[in-house]
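Chemist: Sharing data-v6.tsv, TSV, C-alpha atoms:
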chain	number	residue	atom	x	y	z
A	1	MET	CA	95.42	12.28	-8.52
A	2	LYS	CA	93.01	9.53	-7.61
A	3	ALA	CA	91.43	8.38	-4.41
A	4	LYS	CA	90.58	4.72	-4.08
A	5	VAL	CA	87.91	3.93	-1.53
A	6	TYR	CA	87.22	0.39	-0.34
A	7	VAL	CA	83.95	-0.17	1.50
A	8	THR	CA	83.55	-3.43	3.39
A	9	LEU	CA	80.91	-4.85	5.68
A	10	LYS	CA	81.92	-4.70	9.33
A	11	SER	CA	82.98	-8.03	10.73
A	12	GLY	CA	79.95	-9.70	12.21
A	13	VAL	CA	77.54	-8.25	9.65
A	14	LEU	CA	76.12	-11.12	7.63
A	15	ASP	CA	77.18	-11.09	3.98
A	16	PRO	CA	74.81	-13.43	2.14
A	17	GLN	CA	76.25	-12.43	-1.23
A	18	GLY	CA	79.77	-13.36	-0.13
A	19	LYS	CA	78.41	-16.65	1.18
A	20	ALA	CA	76.71	-17.41	-2.16
A	21	ILE	CA	79.93	-16.66	-4.05
A	22	HIS	CA	81.85	-18.90	-1.66
A	23	HIS	CA	79.32	-21.66	-2.24
A	24	SER	CA	79.73	-21.35	-6.03
A	25	ALA	CA	83.50	-21.39	-5.68
A	26	GLU	CA	83.27	-24.65	-3.73
A	27	LEU	CA	80.96	-26.15	-6.35
A	28	ILE	CA	83.60	-25.73	-9.05
A	29	GLY	CA	86.36	-27.17	-6.90
A	30	PHE	CA	87.95	-24.38	-4.86
A	31	ASP	CA	88.49	-26.21	-1.60
A	32	GLY	CA	91.05	-23.98	0.08
A	33	ILE	CA	88.80	-21.00	0.78
A	34	SER	CA	87.39	-20.52	4.26
A	35	ASP	CA	85.38	-17.35	3.64
A	36	ILE	CA	84.53	-14.71	1.02
A	37	ARG	CA	83.28	-11.22	1.89
A	38	GLN	CA	81.97	-8.90	-0.81
A	39	GLY	CA	82.70	-5.19	-0.74
A	40	LYS	CA	82.61	-2.09	-2.93
A	41	TYR	CA	85.40	-0.21	-4.64
A	42	PHE	CA	85.28	3.42	-5.79
A	43	GLU	CA	87.74	5.44	-7.85
A	44	ILE	CA	87.50	9.17	-7.33
A	45	VAL	CA	89.41	11.38	-9.73
A	46	LEU	CA	90.40	14.69	-8.13
A	47	THR	CA	90.70	17.88	-10.11
A	48	ASN	CA	94.22	18.83	-11.25
A	49	GLY	CA	96.34	20.53	-8.65
A	50	THR	CA	94.65	18.95	-5.60
A	51	SER	CA	97.19	18.25	-2.87
A	52	GLU	CA	97.49	14.76	-1.42
A	53	ALA	CA	96.30	15.96	1.98
A	54	ASP	CA	93.29	17.65	0.45
A	55	ALA	CA	92.52	14.60	-1.70
A	56	ARG	CA	92.62	12.40	1.38
A	57	SER	CA	90.38	14.63	3.46
A	58	GLN	CA	87.83	14.94	0.64
A	59	ALA	CA	87.80	11.20	0.02
A	60	GLU	CA	87.48	10.44	3.74
A	61	LYS	CA	84.55	12.85	4.03
A	62	LEU	CA	82.87	11.40	0.93
A	63	ALA	CA	83.33	7.87	2.24
A	64	ALA	CA	81.95	8.76	5.66
A	65	GLU	CA	78.97	10.73	4.39
A	66	ILE	CA	77.87	8.83	1.28
A	67	LEU	CA	79.87	5.80	0.21
A	68	ALA	CA	79.69	3.86	3.46
A	69	ASN	CA	76.92	3.42	6.00
A	70	PRO	CA	78.74	3.51	9.36
A	71	VAL	CA	76.09	1.26	10.93
A	72	ILE	CA	77.16	-1.71	8.82
A	73	GLU	CA	80.28	-0.76	6.86
A	74	ASP	CA	83.92	0.27	7.28
A	75	TYR	CA	86.01	2.08	4.66
A	76	ARG	CA	89.62	2.56	3.73
A	77	VAL	CA	91.07	5.32	1.55
A	78	GLU	CA	94.20	5.17	-0.64
A	79	ILE	CA	95.59	8.10	-2.61
A	80	VAL	CA	97.49	7.34	-5.83
A	81	ASP	CA	99.08	9.46	-8.55
A	82	GLY	CA	97.68	9.35	-12.06
B	1	MET	CA	43.97	16.75	8.39
B	2	LYS	CA	46.33	16.41	5.48
B	3	PHE	CA	48.60	13.56	4.44
B	4	GLY	CA	51.57	13.84	2.10
B	5	VAL	CA	53.16	11.04	0.09
B	6	VAL	CA	56.78	11.82	-0.70
B	7	VAL	CA	57.77	10.77	-4.21
B	8	PHE	CA	61.39	10.08	-5.17
B	9	PRO	CA	62.59	9.06	-8.61
B	10	GLY	CA	61.99	5.30	-8.43
B	11	SER	CA	59.28	5.28	-5.78
B	12	ASN	CA	56.61	2.86	-6.97
B	13	CYS	CA	54.21	2.39	-4.07
B	14	ASP	CA	53.34	6.07	-3.94
B	15	HIS	CA	50.02	5.55	-5.70
B	16	ASP	CA	49.12	2.63	-3.41
B	17	ALA	CA	49.68	4.88	-0.41
B	18	TYR	CA	47.73	7.74	-1.99
B	19	HIS	CA	44.87	5.37	-2.87
B	20	VAL	CA	44.58	4.07	0.69
B	21	ILE	CA	44.62	7.52	2.24
B	22	SER	CA	42.08	8.94	-0.17
B	23	LYS	CA	39.73	5.94	-0.48
B	24	HIS	CA	39.95	4.13	2.82
B	25	VAL	CA	41.23	6.63	5.33
B	26	GLY	CA	39.12	9.22	3.55
B	27	GLN	CA	41.41	12.17	4.14
B	28	PRO	CA	42.99	14.79	1.87
B	29	VAL	CA	46.35	13.69	0.48
B	30	ASP	CA	48.93	15.21	-1.85
B	31	PHE	CA	51.96	13.86	-3.60
B	32	ILE	CA	55.17	15.67	-2.60
B	33	TRP	CA	57.92	15.68	-5.22
B	34	HIS	CA	61.38	15.08	-3.75
B	35	LYS	CA	62.53	18.58	-4.70
B	36	GLU	CA	59.93	20.20	-2.44
B	37	THR	CA	61.31	21.96	0.63
B	38	ASP	CA	58.13	23.36	2.18
B	39	LEU	CA	56.06	20.84	4.13
B	40	SER	CA	53.84	23.28	5.97
B	41	GLY	CA	50.20	22.24	6.18
B	42	PHE	CA	50.85	18.51	6.41
B	43	ASP	CA	50.01	16.44	9.49
B	44	ALA	CA	51.62	13.20	8.41
B	45	LEU	CA	54.09	12.15	5.73
B	46	LEU	CA	54.28	8.75	4.10
B	47	ILE	CA	57.62	7.69	2.65
B	48	PRO	CA	56.47	4.99	0.25
B	49	GLY	CA	58.04	1.81	-1.02
B	50	GLY	CA	59.86	1.31	-4.28
B	51	PHE	CA	63.39	1.64	-5.52
B	52	SER	CA	64.35	5.27	-5.00
B	53	TYR	CA	67.36	6.10	-7.17
B	54	GLY	CA	67.33	2.51	-8.40
B	55	ASP	CA	68.63	1.31	-5.01
B	56	TYR	CA	72.05	2.47	-6.24
B	57	LEU	CA	74.87	2.32	-3.68
B	58	ARG	CA	72.57	0.97	-0.93
B	59	ALA	CA	68.78	0.82	-0.70
B	60	GLY	CA	67.63	4.27	0.40
B	61	ALA	CA	71.14	5.73	0.49
B	62	LEU	CA	70.77	8.35	-2.22
B	63	ALA	CA	67.22	9.46	-1.42
B	64	ARG	CA	68.61	10.84	1.81
B	65	PHE	CA	70.28	13.63	-0.19
B	66	SER	CA	67.09	14.75	-1.95
B	67	PRO	CA	66.11	18.33	-1.03
B	68	VAL	CA	62.89	17.17	0.63
B	69	MET	CA	64.75	15.15	3.24
B	70	ASN	CA	65.98	18.18	5.18
B	71	ALA	CA	62.38	19.31	5.37
B	72	VAL	CA	61.32	15.81	6.47
B	73	LYS	CA	63.92	15.93	9.26
B	74	ASP	CA	62.64	19.31	10.43
B	75	PHE	CA	59.06	18.05	10.19
B	76	ALA	CA	59.92	15.02	12.36
B	77	ALA	CA	61.90	17.12	14.83
B	78	ALA	CA	58.84	19.35	15.25
B	79	GLY	CA	56.75	16.30	16.16
B	80	GLY	CA	55.15	15.63	12.75
B	81	TYR	CA	54.27	12.02	11.96
B	82	VAL	CA	56.53	10.28	9.46
B	83	PHE	CA	55.71	6.77	8.28
B	84	GLY	CA	58.21	4.91	6.09
B	85	ILE	CA	57.15	1.72	4.39
B	86	CYS	CA	59.68	-0.71	2.88
B	87	ASN	CA	62.01	1.52	0.85
B	88	GLY	CA	60.69	4.33	3.04
B	89	PHE	CA	61.98	2.45	6.12
B	90	GLN	CA	65.36	2.01	4.40
B	91	ILE	CA	65.47	5.74	3.63
B	92	LEU	CA	64.61	6.70	7.22
B	93	CYS	CA	67.43	4.48	8.51
B	94	GLU	CA	69.92	5.90	6.00
B	95	ALA	CA	68.83	9.41	6.94
B	96	GLY	CA	69.44	8.71	10.62
B	97	LEU	CA	65.80	9.26	11.58
B	98	LEU	CA	65.65	5.64	12.73
B	99	PRO	CA	68.52	3.56	14.14
B	100	GLY	CA	70.05	0.53	12.41
B	101	ALA	CA	70.18	-0.51	8.77
B	102	LEU	CA	68.53	-2.91	6.34
B	103	ILE	CA	70.75	-5.31	4.44
B	104	ARG	CA	70.29	-8.09	1.90
B	105	ASN	CA	67.84	-10.81	2.96
B	106	SER	CA	69.66	-13.72	4.57
B	107	GLY	CA	68.13	-16.08	1.99
B	108	LEU	CA	69.33	-13.80	-0.84
B	109	HIS	CA	65.95	-13.94	-2.59
B	110	PHE	CA	63.47	-11.16	-3.14
B	111	VAL	CA	60.63	-12.16	-0.79
B	112	CYS	CA	57.11	-11.31	-1.92
B	113	ARG	CA	54.30	-12.83	0.14
B	114	HIS	CA	51.96	-12.26	3.06
B	115	VAL	CA	53.68	-12.60	6.42
B	116	ASN	CA	52.40	-12.45	9.98
B	117	VAL	CA	53.54	-9.64	12.20
B	118	ARG	CA	52.77	-9.20	15.88
B	119	VAL	CA	51.89	-5.75	17.18
B	120	GLU	CA	54.36	-5.37	20.05
B	121	THR	CA	52.82	-2.31	21.61
B	122	ASN	CA	49.86	-0.05	21.09
B	123	ASP	CA	51.64	2.82	22.78
B	124	THR	CA	52.39	4.56	19.50
B	125	PRO	CA	50.52	7.04	17.31
B	126	PHE	CA	50.49	4.32	14.63
B	127	THR	CA	49.08	1.38	16.63
B	128	ASN	CA	46.89	2.90	19.36
B	129	GLN	CA	43.71	1.46	17.82
B	130	ILE	CA	45.10	-2.08	17.67
B	131	GLU	CA	45.29	-4.55	20.52
B	132	ALA	CA	48.88	-5.25	21.61
B	133	GLY	CA	49.83	-8.81	20.71
B	134	LYS	CA	47.47	-8.92	17.75
B	135	VAL	CA	48.80	-10.80	14.71
B	136	LEU	CA	48.38	-8.98	11.41
B	137	SER	CA	48.67	-10.51	7.96
B	138	ILE	CA	50.51	-8.01	5.76
B	139	PRO	CA	52.52	-8.57	2.58
B	140	VAL	CA	56.25	-8.00	2.27
B	141	ALA	CA	58.06	-7.38	-1.03
B	142	HIS	CA	61.76	-6.73	-0.63
B	143	ALA	CA	65.30	-7.98	-1.14
B	144	GLU	CA	66.89	-5.79	1.55
B	145	GLY	CA	64.70	-6.18	4.60
B	146	ASN	CA	67.16	-7.80	6.96
B	147	TYR	CA	67.23	-5.41	9.90
B	148	VAL	CA	70.61	-5.12	11.61
B	149	CYS	CA	71.88	-3.03	14.51
B	150	ASP	CA	74.51	-3.37	17.22
B	151	ASP	CA	73.77	-4.85	20.66
B	152	GLU	CA	73.60	-1.45	22.30
B	153	THR	CA	71.01	-0.21	19.79
B	154	LEU	CA	68.94	-3.38	20.19
B	155	ASP	CA	68.96	-3.04	23.98
B	156	SER	CA	67.88	0.58	23.69
B	157	LEU	CA	65.10	-0.32	21.22
B	158	GLU	CA	63.79	-2.98	23.60
B	159	GLU	CA	64.09	-0.82	26.72
B	160	ASN	CA	62.16	2.00	25.13
B	161	SER	CA	59.55	-0.25	23.49
B	162	GLN	CA	60.58	0.95	20.06
B	163	VAL	CA	60.11	-2.43	18.37
B	164	ILE	CA	56.56	-2.09	17.06
B	165	PHE	CA	56.21	-5.10	14.75
B	166	ARG	CA	57.87	-8.51	14.83
B	167	TYR	CA	57.62	-11.31	12.28
B	168	CYS	CA	55.81	-14.23	13.89
B	169	ASP	CA	53.95	-17.45	13.19
B	170	PRO	CA	50.12	-17.46	13.01
B	171	ASP	CA	50.01	-17.93	16.80
B	172	GLY	CA	52.13	-14.85	17.41
B	173	GLU	CA	55.40	-16.63	18.21
B	174	PRO	CA	58.43	-14.83	16.71
B	175	THR	CA	60.07	-18.01	15.40
B	176	GLU	CA	63.05	-18.25	13.08
B	177	ALA	CA	60.87	-19.97	10.47
B	178	ALA	CA	58.49	-17.01	10.48
B	179	ASN	CA	61.31	-14.55	9.80
B	180	PRO	CA	61.34	-13.89	6.02
B	181	ASN	CA	64.67	-12.08	5.79
B	182	GLY	CA	66.89	-12.84	8.78
B	183	ALA	CA	66.06	-9.58	10.55
B	184	ARG	CA	67.64	-9.29	13.98
B	185	SER	CA	65.24	-10.30	16.72
B	186	ASN	CA	62.51	-10.75	14.02
B	187	ILE	CA	62.17	-6.98	13.78
B	188	ALA	CA	59.70	-5.88	11.10
B	189	GLY	CA	59.14	-2.30	12.23
B	190	ILE	CA	60.50	0.21	14.73
B	191	CYS	CA	59.82	3.76	15.84
B	192	ASN	CA	62.12	6.51	17.07
B	193	ARG	CA	62.50	7.53	20.72
B	194	ASP	CA	59.86	10.25	20.36
B	195	ARG	CA	57.51	7.68	18.74
B	196	ASN	CA	56.45	9.97	15.88
B	197	VAL	CA	58.60	8.28	13.20
B	198	LEU	CA	57.76	4.70	12.21
B	199	GLY	CA	59.49	2.47	9.68
B	200	MET	CA	58.34	-1.00	8.68
B	201	MET	CA	59.20	-3.45	5.92
B	202	PRO	CA	55.71	-4.97	5.41
B	203	HIS	CA	53.25	-3.00	3.26
B	204	PRO	CA	50.08	-2.14	5.24
B	205	GLU	CA	48.87	-0.02	2.32
B	206	ARG	CA	48.57	-3.28	0.34
B	207	ALA	CA	46.48	-4.82	3.10
B	208	CYS	CA	43.49	-2.51	3.28
B	209	GLU	CA	41.08	-4.39	1.04
B	210	GLU	CA	39.60	-7.87	1.52
B	211	LEU	CA	39.96	-8.34	-2.23
B	212	LEU	CA	43.74	-8.16	-1.84
B	213	GLY	CA	43.79	-10.92	0.76
B	214	SER	CA	43.77	-8.91	3.98
B	215	ASN	CA	42.60	-5.64	5.42
B	216	ASP	CA	44.75	-5.90	8.52
B	217	GLY	CA	46.71	-2.82	7.47
B	218	ARG	CA	43.74	-0.56	8.13
B	219	GLY	CA	44.28	-0.51	11.88
B	220	ILE	CA	47.57	1.28	11.40
B	221	PHE	CA	46.08	4.04	9.27
B	222	ARG	CA	43.05	4.22	11.57
B	223	SER	CA	45.39	4.70	14.55
B	224	LEU	CA	47.31	7.47	12.84
B	225	THR	CA	44.11	9.24	11.81
B	226	ARG	CA	42.74	8.96	15.35
B	227	THR	CA	45.99	10.34	16.75
B	228	ILE	CA	45.84	13.40	14.50
B	229	GLU	CA	42.13	13.93	15.14
B	230	THR	CA	42.54	13.91	18.90
B	231	ALA	CA	45.78	15.92	18.99
Represent the supplied structure as structure tokens.
Modeler:
Amino acid sequence: MKAKVYVTLKSGVLDPQGKAIHHSAELIGFDGISDIRQGKYFEIVLTNGTSEADARSQAEKLAAEILANPVIEDYRVEIVDG
Amino acid sequence: MKFGVVVFPGSNCDHDAYHVISKHVGQPVDFIWHKETDLSGFDALLIPGGFSYGDYLRAGALARFSPVMNAVKDFAAAGGYVFGICNGFQILCEAGLLPGALIRNSGLHFVCRHVNVRVETNDTPFTNQIEAGKVLSIPVAHAEGNYVCDDETLDSLEENSQVIFRYCDPDGEPTEAANPNGARSNIAGICNRDRNVLGMMPHPERACEELLGSNDGRGIFRSLTRTIETA
């Protein structure tokens, strides 16, 4: 079982890297994009036999305590088989 | 009086801090490896600049989990003086010892130059020998120095005079042009509510010798020394 954790900057927190990527996209002709925000993605492989509920609670705790800084970031957890 | 310089894997301004304390402040100083858990005997701790843990995840994020950090928290809670510079400021924010966070510079570039900072108050253990309003020339060297916090935190910082340094022009005006990284409200350094923990992005330990372009950083170390002496 795997946990997928997506960490994104809170809305309102400036994302200069996203802005730079957006600028580059425009330079090569992407004209239909109004904004790009950069985030982080983590794959956490749980040990065999972990229940879905346990996987979720561990991943949520990990995200809250290490992966995301609650001052500037939000996170979202998905649990998938395999 | 004894100073400690906390060393994490990837700290690289630890020797600068040590040098300034031993040569210019003229006080005993020890390096403290990040696995240390006993901080008895120290009066003040410096959390130096650098790239602890390679800045992996977020600047300062992983240093917070080093064994020494629990001891640093206890030390601060007991009233000990903790002074984080650059990466040290980032670590103190990540560890929750100071409010807010430091994100990528608004201009995206690593900024490495002397900047002017205005001393907002001398009512701190770190600035009591400096005139409030004085403009100091101190170098910055960072890519993640853009201070952010929510409105509530900013209001509380202002109400409690916790903003200690602000980026400014040579006349002391905190203009947008004088802000090297986009920091909210031109904030260059803040302290905690109890005023014994200070974090700042500029490097006063690199501004203690005329030869290096400025000795304006000395006032900060002189203040801290005076505070400890008269305690």
Chemist: Quick check: residues of chain B within 12 Å of chain A, all atoms listed in the file, returned as number ranges by chain.
Modeler: B: 56-65, 90-91, 93-96, 98-109, 143-144, 146-153, 181-184
Chemist: So which one's closest to Val7 in chain B, B:Ile21, B:Met200, B:Ile32, B:Ile228? Using only C-alpha atoms, please.
Modeler: B:Ile32
Chemist: Find the residues around Asn116 in chain B up to 8 Å (all atoms listed in the file counted), leave out those fewer than 2 positions away in its own chain, and share them as a PyMOL selection string.
Modeler: chain B and resi 114+118+135-138+167-170+172+178
Chemist: Here's a test: counting only C-alpha atoms, identify every protein, DNA and RNA residue with an atom at most 12 Å from (65.7, 19.4, -1.0) in the file's coordinate frame, and state them as a compact mmCIF listing (two decimals) with C-alpha atoms, in the frame of the given file.
Modeler:
# COMPACT_ATOMS: atom_id res chain seq x y z
CA VAL B 6 56.78 11.82 -0.70
CA PHE B 8 61.39 10.08 -5.17
CA ILE B 32 55.17 15.67 -2.60
CA TRP B 33 57.92 15.68 -5.22
CA HIS B 34 61.38 15.08 -3.75
CA LYS B 35 62.53 18.58 -4.70
CA GLU B 36 59.93 20.20 -2.44
CA THR B 37 61.31 21.96 0.63
CA ASP B 38 58.13 23.36 2.18
CA LEU B 39 56.06 20.84 4.13
CA ALA B 63 67.22 9.46 -1.42
CA ARG B 64 68.61 10.84 1.81
CA PHE B 65 70.28 13.63 -0.19
CA SER B 66 67.09 14.75 -1.95
CA PRO B 67 66.11 18.33 -1.03
CA VAL B 68 62.89 17.17 0.63
CA MET B 69 64.75 15.15 3.24
CA ASN B 70 65.98 18.18 5.18
CA ALA B 71 62.38 19.31 5.37
CA VAL B 72 61.32 15.81 6.47
CA LYS B 73 63.92 15.93 9.26
CA ASP B 74 62.64 19.31 10.43
Chemist: Which residues come within 10 Å of Asp31 in chain A, counting only C-alpha atoms, excluding same-chain residues fewer than 5 positions away, as a PyMOL selection string?
Modeler: chain A and resi 22+25-26
Chemist: Could you list, as a ChimeraX atom specification, every residue within 9 Å of Val119 in chain B, counting only C-alpha atoms and ignoring same-chain residues fewer than 2 positions away?
Modeler: /B:117,121-122,127,130-136,163-166
Chemist: Limited to C-alpha atoms, could you put the picked residues into a file as a PDB file, in the coordinates of the input?
Modeler:
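Written output follows (part-v8.pdb):
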ATOM      1  CA  VAL B 117      53.540  -9.640  12.200  1.00  0.00           C
ATOM      2  CA  THR B 121      52.820  -2.310  21.610  1.00  0.00           C
ATOM      3  CA  ASN B 122      49.860  -0.050  21.090  1.00  0.00           C
ATOM      4  CA  THR B 127      49.080   1.380  16.630  1.00  0.00           C
ATOM      5  CA  ILE B 130      45.100  -2.080  17.670  1.00  0.00           C
ATOM      6  CA  GLU B 131      45.290  -4.550  20.520  1.00  0.00           C
ATOM      7  CA  ALA B 132      48.880  -5.250  21.610  1.00  0.00           C
ATOM      8  CA  GLY B 133      49.830  -8.810  20.710  1.00  0.00           C
ATOM      9  CA  LYS B 134      47.470  -8.920  17.750  1.00  0.00           C
ATOM     10  CA  VAL B 135      48.800 -10.800  14.710  1.00  0.00           C
ATOM     11  CA  LEU B 136      48.380  -8.980  11.410  1.00  0.00           C
ATOM     12  CA  VAL B 163      60.110  -2.430  18.370  1.00  0.00           C
ATOM     13  CA  ILE B 164      56.560  -2.090  17.060  1.00  0.00           C
ATOM     14  CA  PHE B 165      56.210  -5.100  14.750  1.00  0.00           C
ATOM     15  CA  ARG B 166      57.870  -8.510  14.830  1.00  0.00           C
TER      16      ARG B 166
END
Chemist: Rank nothing, just name the residue among A:Val7, A:Met1, A:Ile21, A:Leu27 nearest to Ala63 in chain A, using only C-alpha atoms.
Modeler: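 Of A:Val7, A:Met1, A:Ile21, A:Leu27, the one nearest Ala63 in chain A is A:Val7, counting only C-alpha atoms.
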Chemist: Could you list, as a count of residues only, every residue within 6 Å of Tyr6 in chain A, counting all atoms listed in the file and ignoring same-chain residues fewer than 3 positions away?
Modeler: 4
Chemist: Between A:Ile79, A:His23, A:Ser11, A:Arg37, which has the minimum distance to Ser57 in chain A (counting only C-alpha atoms)?
Modeler: A:Ile79
Chemist: Any idea what the distance is between CA of Ala141 in chain B and CA of Val111 in chain B?
Modeler: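 Atom-to-atom, CA of Ala141 in chain B and CA of Val111 in chain B are spaced 5.4 Å apart.
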Chemist: Excluding Lys4 in chain A and its own-chain neighbours fewer than 5 positions away, which residues fall within 9 Å of it when counting only C-alpha atoms? Please give them as number ranges by chain.
Modeler: A: 41-45, 59, 76-80
Chemist: Please report the interatomic distance between CA of Phe110 in chain B and CA of Gly189 in chain B in Å with one decimal.
Modeler: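 Between these atoms lies a distance of 18.3 Å.
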Chemist: Go ahead and compute the interatomic distance for CA of Ile220 in chain B and CA of Ala188 in chain B, in Å to one decimal.
Modeler: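 Interatomic distance here is 14.1 Å.
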Chemist: Measuring between all atoms listed in the file, which one of B:Cys13, B:Val5, B:Val25, B:Asp30 shows the shortest distance to Glu209 in chain B?
Modeler: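 With all atoms listed in the file as the atom set, the closest residue is B:Val25.
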Chemist: Point out the residue among A:Glu60, A:Glu73, A:Asp54, A:Asp81 with the least atom-to-atom distance to Thr8 in chain A, counting all atoms listed in the file.
Modeler: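 Ranking A:Glu60, A:Glu73, A:Asp54, A:Asp81 by distance to Thr8 in chain A, first place goes to A:Glu73.
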